[in-house]
$ cat data-v7.txt   # compact mmCIF, C-alpha atoms
# COMPACT_ATOMS: atom_id res chain seq x y z
CA MET A 1 88.80 107.60 105.12
CA THR A 2 91.42 108.51 102.52
CA ILE A 3 94.19 110.81 103.67
CA LYS A 4 94.89 113.54 101.12
CA TYR A 5 98.38 114.99 100.83
CA ASP A 6 99.38 118.07 98.90
CA PHE A 7 102.88 117.93 97.47
CA SER A 8 102.36 120.75 94.98
CA GLY A 9 105.64 122.50 94.28
CA LYS A 10 107.73 119.57 95.53
CA ARG A 11 110.12 117.61 93.34
CA VAL A 12 110.34 113.88 94.10
CA LEU A 13 112.84 111.35 92.80
CA VAL A 14 112.03 107.64 93.05
CA THR A 15 114.68 105.04 92.26
CA GLY A 16 113.41 101.80 90.82
CA GLY A 17 110.24 103.67 89.95
CA GLY A 18 109.47 101.80 86.75
CA ARG A 19 107.58 98.96 88.37
CA GLY A 20 106.31 97.45 91.61
CA ILE A 21 106.42 99.47 94.81
CA GLY A 22 108.48 102.24 93.21
CA GLU A 23 105.97 102.78 90.41
CA LYS A 24 103.12 103.03 92.91
CA ILE A 25 105.07 105.52 95.04
CA ALA A 26 105.81 107.66 91.99
CA THR A 27 102.19 107.54 90.85
CA CYS A 28 100.85 108.54 94.27
CA PHE A 29 103.21 111.50 94.62
CA ALA A 30 102.31 112.69 91.13
CA ALA A 31 98.62 112.43 91.96
CA ALA A 32 99.30 114.61 95.02
CA GLY A 33 100.75 117.37 92.83
CA ALA A 34 104.48 116.64 92.94
CA ALA A 35 106.76 116.72 89.93
CA VAL A 36 108.26 113.23 89.83
CA GLY A 37 111.52 111.90 88.47
CA ILE A 38 111.72 108.15 87.90
CA LEU A 39 115.17 106.60 87.75
CA ASP A 40 115.37 102.99 86.66
CA LYS A 41 117.93 100.69 85.09
CA ASP A 42 115.12 99.56 82.78
CA PHE A 43 114.50 102.77 80.86
CA VAL A 44 111.54 101.30 78.97
CA ALA A 45 109.77 100.58 82.27
CA ALA A 46 110.60 104.09 83.50
CA GLU A 47 109.19 105.67 80.33
CA GLU A 48 106.03 103.58 80.57
CA ALA A 49 105.49 104.68 84.17
CA VAL A 50 106.04 108.30 83.16
CA ALA A 51 103.60 107.98 80.26
CA ALA A 52 100.91 106.62 82.60
CA ILE A 53 101.41 109.51 85.01
CA ARG A 54 101.22 112.07 82.23
CA GLU A 55 98.06 110.48 80.85
CA SER A 56 96.52 111.08 84.28
CA GLY A 57 97.54 114.74 84.18
CA GLY A 58 100.67 114.42 86.30
CA ASN A 59 104.18 115.74 85.76
CA ALA A 60 106.90 113.11 85.47
CA VAL A 61 110.21 112.51 83.72
CA ALA A 62 112.36 109.42 83.28
CA ALA A 63 116.08 108.75 83.49
CA GLU A 64 118.15 105.64 83.00
CA GLY A 65 120.90 104.63 85.38
CA ASN A 66 122.57 101.76 87.19
CA LEU A 67 122.73 102.69 90.87
CA GLU A 68 125.87 100.62 91.23
CA TYR A 69 127.81 103.37 89.45
CA TYR A 70 128.26 106.83 90.92
CA GLU A 71 128.58 108.54 87.54
CA ASP A 72 125.33 106.96 86.34
CA CYS A 73 123.56 108.39 89.36
CA LYS A 74 125.13 111.80 88.85
CA LYS A 75 124.08 111.99 85.20
CA ALA A 76 120.56 110.79 85.94
CA VAL A 77 120.01 113.32 88.72
CA GLU A 78 121.39 116.11 86.55
CA LYS A 79 118.99 115.15 83.75
CA ILE A 80 115.97 115.01 86.06
CA SER A 81 116.91 118.26 87.83
CA ARG A 82 117.19 120.11 84.52
CA GLN A 83 113.61 119.13 83.73
CA ILE A 84 111.78 119.45 87.04
CA GLY A 85 114.20 121.30 89.34
CA HIS A 86 116.32 120.28 92.30
CA ILE A 87 115.02 117.35 94.31
CA ASP A 88 113.17 117.96 97.59
CA ILE A 89 112.22 114.36 98.37
CA LEU A 90 114.34 111.30 97.59
CA ILE A 91 112.87 107.80 97.78
CA ASN A 92 115.63 105.18 97.73
CA ASN A 93 113.50 102.26 96.61
CA ALA A 94 115.55 100.34 94.04
CA ALA A 95 117.10 97.07 95.14
CA ILE A 96 117.97 93.65 93.77
CA SER A 97 117.50 90.22 95.36
CA PRO A 98 118.85 87.54 93.00
CA LYS A 99 117.01 84.21 92.88
CA HIS A 100 118.11 80.86 91.50
CA GLU A 101 115.27 78.57 90.49
CA GLY A 102 112.96 80.55 92.75
CA ARG A 103 115.19 80.85 95.81
CA SER A 104 118.19 82.78 97.09
CA HIS A 105 121.51 81.04 97.42
CA SER A 106 122.83 80.40 100.91
CA VAL A 107 126.22 81.88 101.79
CA LEU A 108 127.79 78.48 101.12
CA GLU A 109 126.53 78.62 97.52
CA MET A 110 126.82 82.34 96.90
CA ASP A 111 129.13 83.71 94.23
CA PRO A 112 131.29 86.53 95.68
CA VAL A 113 130.51 88.65 92.62
CA GLU A 114 126.79 88.34 93.39
CA TRP A 115 127.41 89.45 96.98
CA GLN A 116 129.40 92.47 95.83
CA THR A 117 126.80 93.46 93.22
CA VAL A 118 123.88 93.31 95.65
CA MET A 119 125.73 95.40 98.21
CA ALA A 120 126.83 97.87 95.52
CA VAL A 121 123.27 98.37 94.22
CA ASN A 122 121.24 98.21 97.43
CA LEU A 123 123.55 100.06 99.80
CA GLY A 124 125.98 101.80 97.47
CA GLY A 125 123.12 103.00 95.29
CA ALA A 126 121.45 104.74 98.23
CA PHE A 127 124.77 106.40 99.09
CA ASN A 128 125.28 107.48 95.48
CA MET A 129 121.84 109.07 95.29
CA ILE A 130 122.09 110.82 98.65
CA LYS A 131 125.41 112.32 97.59
CA GLN A 132 123.67 113.87 94.59
CA VAL A 133 120.62 115.41 96.24
CA ALA A 134 121.45 116.03 99.91
CA PRO A 135 123.71 119.08 99.39
CA ARG A 136 120.85 121.14 97.90
CA MET A 137 118.46 119.94 100.59
CA VAL A 138 120.90 121.10 103.26
CA GLU A 139 121.44 124.40 101.45
CA LYS A 140 117.68 124.95 101.21
CA GLY A 141 117.06 123.91 104.82
CA TRP A 142 114.37 121.37 103.91
CA GLY A 143 114.37 117.85 102.55
CA ARG A 144 113.07 114.33 102.96
CA ILE A 145 114.99 111.12 102.40
CA VAL A 146 112.99 107.91 102.69
CA ASN A 147 114.88 104.63 102.39
CA ILE A 148 112.97 101.44 101.61
CA SER A 149 114.38 98.67 103.77
CA SER A 150 113.02 95.15 104.33
CA VAL A 151 111.76 92.90 107.08
CA GLY A 152 114.79 90.77 106.22
CA SER A 153 116.88 93.43 107.96
CA LEU A 154 115.16 92.65 111.28
CA PHE A 155 115.24 88.85 111.44
CA TYR A 156 115.74 85.72 109.38
CA ALA A 157 112.69 85.18 107.22
CA GLY A 158 114.15 82.48 105.02
CA LEU A 159 113.46 84.18 101.70
CA ALA A 160 116.10 86.79 100.97
CA GLY A 161 119.77 85.94 100.73
CA ALA A 162 122.38 87.09 103.21
CA HIS A 163 123.55 89.81 100.84
CA TYR A 164 120.08 91.34 100.53
CA SER A 165 119.36 91.16 104.26
CA ALA A 166 122.77 92.58 105.15
CA SER A 167 122.36 95.43 102.68
CA LYS A 168 118.98 96.33 104.16
CA ALA A 169 120.30 96.17 107.73
CA ALA A 170 123.02 98.56 106.60
CA ILE A 171 120.33 100.84 105.14
CA ASN A 172 118.73 101.00 108.60
CA SER A 173 122.04 102.02 110.13
CA LEU A 174 122.71 104.53 107.34
CA THR A 175 119.29 106.03 107.99
CA ARG A 176 120.07 106.65 111.67
CA THR A 177 123.51 108.09 110.94
CA LEU A 178 122.27 110.49 108.27
CA ALA A 179 119.36 111.58 110.46
CA GLY A 180 121.94 112.66 113.01
CA GLU A 181 124.10 114.41 110.42
CA PHE A 182 121.25 116.27 108.69
CA GLY A 183 118.86 116.91 111.58
CA SER A 184 120.04 120.43 112.28
CA CYS A 185 119.67 121.27 108.57
CA GLY A 186 115.93 120.61 108.28
CA VAL A 187 116.40 117.33 106.42
CA THR A 188 114.72 114.20 107.81
CA VAL A 189 115.86 110.67 107.02
CA ASN A 190 113.68 107.64 107.74
CA ALA A 191 113.39 104.02 106.65
CA ILE A 192 110.25 102.07 105.82
CA VAL A 193 110.52 98.33 106.52
CA PRO A 194 107.91 96.46 104.46
CA GLY A 195 107.16 92.80 104.91
CA ARG A 196 105.97 90.78 101.94
CA VAL A 197 104.37 93.00 99.29
CA ALA A 198 102.18 91.70 96.48
CA THR A 199 104.36 92.56 93.48
CA PRO A 200 105.69 90.55 90.51
CA MET A 201 108.96 90.15 92.44
CA ALA A 202 107.13 88.37 95.27
CA SER A 203 105.60 85.86 92.86
CA GLY A 204 109.04 84.90 91.61
CA VAL A 205 109.74 82.55 94.53
CA GLY A 206 106.81 80.22 93.86
CA ALA A 207 103.36 79.71 95.31
CA ALA A 208 104.37 77.12 97.93
CA THR A 209 106.90 79.43 99.55
CA ASN A 210 104.49 82.34 99.62
CA GLU A 211 101.73 80.18 101.07
CA SER A 212 104.07 79.03 103.84
CA LEU A 213 105.01 82.62 104.61
CA LEU A 214 101.34 83.62 104.89
CA LEU A 215 101.09 81.35 107.94
CA SER A 216 103.40 83.76 109.76
CA ILE A 217 101.40 86.90 108.94
CA PRO A 218 98.61 87.60 111.46
CA LEU A 219 96.70 89.69 108.92
CA GLY A 220 96.74 86.73 106.56
CA ARG A 221 97.77 88.57 103.41
CA PHE A 222 100.61 90.42 101.75
CA ALA A 223 100.70 94.21 101.65
CA ALA A 224 99.47 96.10 98.61
CA ALA A 225 102.04 98.40 97.03
CA VAL A 226 99.68 101.36 97.53
CA GLU A 227 99.76 100.76 101.29
CA VAL A 228 103.53 101.10 101.30
CA ALA A 229 103.23 104.23 99.15
CA GLY A 230 100.79 105.74 101.64
CA LEU A 231 103.24 105.31 104.51
CA VAL A 232 106.05 106.77 102.41
CA MET A 233 103.93 109.83 101.66
CA PHE A 234 103.15 110.33 105.33
CA VAL A 235 106.83 110.17 106.26
CA ALA A 236 107.61 112.71 103.53
CA SER A 237 104.80 115.05 104.59
CA GLU A 238 104.77 118.02 106.94
CA GLU A 239 102.72 115.93 109.37
CA ALA A 240 105.87 113.84 109.95
CA ALA A 241 108.24 116.80 110.33
CA TYR A 242 109.29 115.65 113.82
CA MET A 243 110.10 112.12 112.66
CA THR A 244 113.69 111.33 111.74
CA GLY A 245 116.09 108.44 112.18
CA GLU A 246 113.18 106.03 112.49
CA THR A 247 112.98 102.49 111.13
CA ILE A 248 109.27 101.86 110.64
CA PRO A 249 108.05 98.26 110.16
CA MET A 250 105.00 97.61 107.99
CA THR A 251 104.74 93.83 108.02
CA GLY A 252 101.16 92.80 108.73
CA GLY A 253 102.48 91.34 111.98
CA LEU A 254 105.19 89.23 110.34
CA SER A 255 107.76 90.94 112.56
CA LEU A 256 106.12 89.27 115.58
CA GLY A 257 107.77 86.00 114.64
CA SER A 258 108.53 83.70 111.73
CA LEU A 259 108.59 80.08 110.65
CA THR A 260 112.35 80.19 110.24
CA LYS A 261 112.91 76.47 110.64
CA ASN A 262 110.44 75.59 107.90
CA LEU A 263 111.98 78.17 105.58
CA SER A 264 115.64 77.28 106.24
CA LYS A 265 117.48 76.50 103.02
CA THR A 266 120.87 75.27 104.21
CA SER A 267 121.43 71.62 104.94
CA ILE A 268 124.82 70.51 106.23
CA SER A 269 125.83 66.87 105.91
CA ARG A 270 128.01 65.74 108.79
CA ALA A 271 130.33 62.79 108.69
CA PRO A 272 129.62 60.16 111.35
CA ASP A 273 131.78 60.28 114.44
CA ALA A 274 134.95 58.28 114.09

$ encode --input "data-v7.txt" --output "structure tokens"
Amino acid sequence: MTIKYDFSGKRVLVTGGGRGIGEKIATCFAAAGAAVGILDKDFVAAEEAVAAIRESGGNAVAAEGNLEYYEDCKKAVEKISRQIGHIDILINNAAISPKHEGRSHSVLEMDPVEWQTVMAVNLGGAFNMIKQVAPRMVEKGWGRIVNISSVGSLFYAGLAGAHYSASKAAINSLTRTLAGEFGSCGVTVNAIVPGRVATPMASGVGAATNESLLLSIPLGRFAAAVEVAGLVMFVASEEAAYMTGETIPMTGGLSLGSLTKNLSKTSISRAPDA
């Protein structure tokens, strides 16, 4: 059975909507009748996603912006709002997880600038976007904010670096805090916590690593991006109006446990005892 949602008359903004999970989320909302704004650092990818939605009869617009910078976010939201109206539903999806030869650096290897950039984009970007759209949601008395977190925020999975995992754990905490702040204003705030999703980003770590991770997933496969999009749509729907402050795992059972020892990437050489 396919669940049908009707988001006609709603305006949705998806960050990182030019590809991967974000593109699928944007496409699904557009198919359900929403006007969709796609914000992406890669403007070409954003325009291509918008073109595909329009070819299918949907309403979508693109904007370029680096979430690391508050002014970029402000200008992008202003551009999108002029074209489709003030945002009702914000999906904070965009994030970065730098890899080096197919793996994340351990803290011992990590460049401080890389740490700061990941935190600025993944956590600071969500803050920057919420600052732009939440005031009108509160004024209107209705809004949905859905933050895309990660299973790396729940336990050590051996794939993402400390900066990425820490930023996503902070997203979970931000979600709970904002749910408390906005609850009396008719604005819900929730976080989706996907496990491994079959996207081009997932293939960047190499087949051997992904095959090892599959051993920890009871369902024996990675999630499809459309499955994540379906959960996002439910959380943004009227059916989920009583849900706020929740951190919702969608991991195929990966959150039951992990092969952390096999995936550990830090090896410390100790000098022999004197």

$ atom_distance --input "data-v7.txt" --atom1 "atom CA of A:Trp142" --atom2 "atom CA of A:Gly20"
28.1 Å

$ residues_around --input "data-v7.txt" --residues "A:Ser184" --least-positions-apart "5" --cutoff "12 Å" --atoms "all atoms listed in the file" --output "MDAnalysis selection string"
chainID A and resid 137:139 141:143 178:179 189 242 244

$ closest_residue --input "data-v7.txt" --among "A:Leu90, A:Val77, A:Pro218, A:Pro249" --to "A:Leu231" --atoms "all atoms listed in the file"
A:Pro249

$ atom_distance --input "data-v7.txt" --atom1 "atom CA of A:Lys131" --atom2 "atom CA of A:Ala62"
19.6 Å

$ residues_around --input "data-v7.txt" --residues "A:Ala160" --least-positions-apart "5" --cutoff "7 Å" --atoms "all atoms listed in the file" --output "ChimeraX atom specification"
/A:97,104,152,165

$ write_last_selection --input "data-v7.txt" --atoms "C-alpha atoms" --output "PDB file, keeping the file's coordinate frame"
ATOM      1  CA  SER A  97     117.500  90.220  95.360  1.00  0.00           C
ATOM      2  CA  SER A 104     118.190  82.780  97.090  1.00  0.00           C
ATOM      3  CA  GLY A 152     114.790  90.770 106.220  1.00  0.00           C
ATOM      4  CA  SER A 165     119.360  91.160 104.260  1.00  0.00           C
TER       5      SER A 165
END

$ atom_distance --input "data-v7.txt" --atom1 "atom CA of A:Val232" --atom2 "atom CA of A:Val146"
7.0 Å

$ closest_atom_pairs --input "data-v7.txt" --of "stretch 99-195 of chain A" --to "stretch 29-41 of chain A" --cutoff "12 Å" --atoms "only C-alpha atoms" --output "CSV"
residue,atom,partner,partner_atom,distance
A:Val121,CA,A:Lys41,CA,10.8
A:Gly125,CA,A:Leu39,CA,11.5
A:Met129,CA,A:Leu39,CA,10.4

$ residues_around --input "data-v7.txt" --residues "A:Ile130" --least-positions-apart "2" --cutoff "12 Å" --atoms "all atoms listed in the file" --output "compact mmCIF listing (two decimals) with C-alpha atoms, keeping the file's coordinate frame"
# COMPACT_ATOMS: atom_id res chain seq x y z
CA LEU A 13 112.84 111.35 92.80
CA VAL A 14 112.03 107.64 93.05
CA THR A 15 114.68 105.04 92.26
CA LEU A 67 122.73 102.69 90.87
CA TYR A 70 128.26 106.83 90.92
CA CYS A 73 123.56 108.39 89.36
CA LYS A 74 125.13 111.80 88.85
CA VAL A 77 120.01 113.32 88.72
CA ILE A 87 115.02 117.35 94.31
CA ASP A 88 113.17 117.96 97.59
CA ILE A 89 112.22 114.36 98.37
CA LEU A 90 114.34 111.30 97.59
CA ILE A 91 112.87 107.80 97.78
CA ASN A 92 115.63 105.18 97.73
CA LEU A 123 123.55 100.06 99.80
CA GLY A 124 125.98 101.80 97.47
CA GLY A 125 123.12 103.00 95.29
CA ALA A 126 121.45 104.74 98.23
CA PHE A 127 124.77 106.40 99.09
CA ASN A 128 125.28 107.48 95.48
CA GLN A 132 123.67 113.87 94.59
CA VAL A 133 120.62 115.41 96.24
CA ALA A 134 121.45 116.03 99.91
CA PRO A 135 123.71 119.08 99.39
CA ARG A 136 120.85 121.14 97.90
CA MET A 137 118.46 119.94 100.59
CA VAL A 138 120.90 121.10 103.26
CA GLY A 143 114.37 117.85 102.55
CA ARG A 144 113.07 114.33 102.96
CA ILE A 145 114.99 111.12 102.40
CA VAL A 146 112.99 107.91 102.69
CA ASN A 147 114.88 104.63 102.39
CA LEU A 174 122.71 104.53 107.34
CA THR A 175 119.29 106.03 107.99
CA LEU A 178 122.27 110.49 108.27
CA PHE A 182 121.25 116.27 108.69
CA VAL A 187 116.40 117.33 106.42
CA VAL A 189 115.86 110.67 107.02

$ closest_residue --input "data-v7.txt" --among "A:Met243, A:Val61, A:Met250, A:Val113" --to "A:Gly180" --atoms "only C-alpha atoms"
A:Met243

$ residues_near_point --input "data-v7.txt" --point "(105.6, 123.6, 92.8)" --cutoff "10 Å" --atoms "all atoms listed in the file" --output "ChimeraX atom specification"
/A:7-11,33-35,84-85

$ closest_residue --input "data-v7.txt" --among "A:Glu101, A:Glu71, A:Phe234, A:Glu246" --to "A:Asn172" --atoms "only C-alpha atoms"
A:Glu246

$ axis_aligned_box --input "data-v7.txt" --around "stretch 26-32 of chain A" --padding-each-side "6 Å" --output "AutoDock Vina command-line options"
--center_x 102.2 --center_y 111.1 --center_z 92.9 --size_x 19.2 --size_y 19.1 --size_z 16.2

$ closest_residue --input "data-v7.txt" --among "A:Ser237, A:Thr27, A:Asn190, A:Thr251" --to "A:Lys4" --atoms "all atoms listed in the file"
A:Ser237

$ residues_around --input "data-v7.txt" --residues "A:Pro194" --least-positions-apart "3" --cutoff "12 Å" --atoms "all atoms listed in the file" --output "mmCIF file with C-alpha atoms, in the frame of the given file"
data_model
loop_
_atom_site.group_PDB
_atom_site.id
_atom_site.type_symbol
_atom_site.label_atom_id
_atom_site.label_comp_id
_atom_site.auth_asym_id
_atom_site.auth_seq_id
_atom_site.Cartn_x
_atom_site.Cartn_y
_atom_site.Cartn_z
ATOM 1 C CA ILE A 21 106.420 99.470 94.810
ATOM 2 C CA ASN A 93 113.500 102.260 96.610
ATOM 3 C CA ASN A 147 114.880 104.630 102.390
ATOM 4 C CA ILE A 148 112.970 101.440 101.610
ATOM 5 C CA SER A 149 114.380 98.670 103.770
ATOM 6 C CA SER A 150 113.020 95.150 104.330
ATOM 7 C CA VAL A 151 111.760 92.900 107.080
ATOM 8 C CA GLY A 152 114.790 90.770 106.220
ATOM 9 C CA SER A 153 116.880 93.430 107.960
ATOM 10 C CA LEU A 154 115.160 92.650 111.280
ATOM 11 C CA LYS A 168 118.980 96.330 104.160
ATOM 12 C CA ALA A 191 113.390 104.020 106.650
ATOM 13 C CA VAL A 197 104.370 93.000 99.290
ATOM 14 C CA ALA A 198 102.180 91.700 96.480
ATOM 15 C CA PHE A 222 100.610 90.420 101.750
ATOM 16 C CA ALA A 223 100.700 94.210 101.650
ATOM 17 C CA ALA A 224 99.470 96.100 98.610
ATOM 18 C CA ALA A 225 102.040 98.400 97.030
ATOM 19 C CA VAL A 226 99.680 101.360 97.530
ATOM 20 C CA GLU A 227 99.760 100.760 101.290
ATOM 21 C CA VAL A 228 103.530 101.100 101.300
ATOM 22 C CA ALA A 229 103.230 104.230 99.150
ATOM 23 C CA LEU A 231 103.240 105.310 104.510
ATOM 24 C CA VAL A 232 106.050 106.770 102.410
ATOM 25 C CA THR A 247 112.980 102.490 111.130
ATOM 26 C CA ILE A 248 109.270 101.860 110.640
ATOM 27 C CA PRO A 249 108.050 98.260 110.160
ATOM 28 C CA MET A 250 105.000 97.610 107.990
ATOM 29 C CA THR A 251 104.740 93.830 108.020
ATOM 30 C CA GLY A 252 101.160 92.800 108.730
ATOM 31 C CA GLY A 253 102.480 91.340 111.980
ATOM 32 C CA LEU A 254 105.190 89.230 110.340
ATOM 33 C CA SER A 255 107.760 90.940 112.560
#
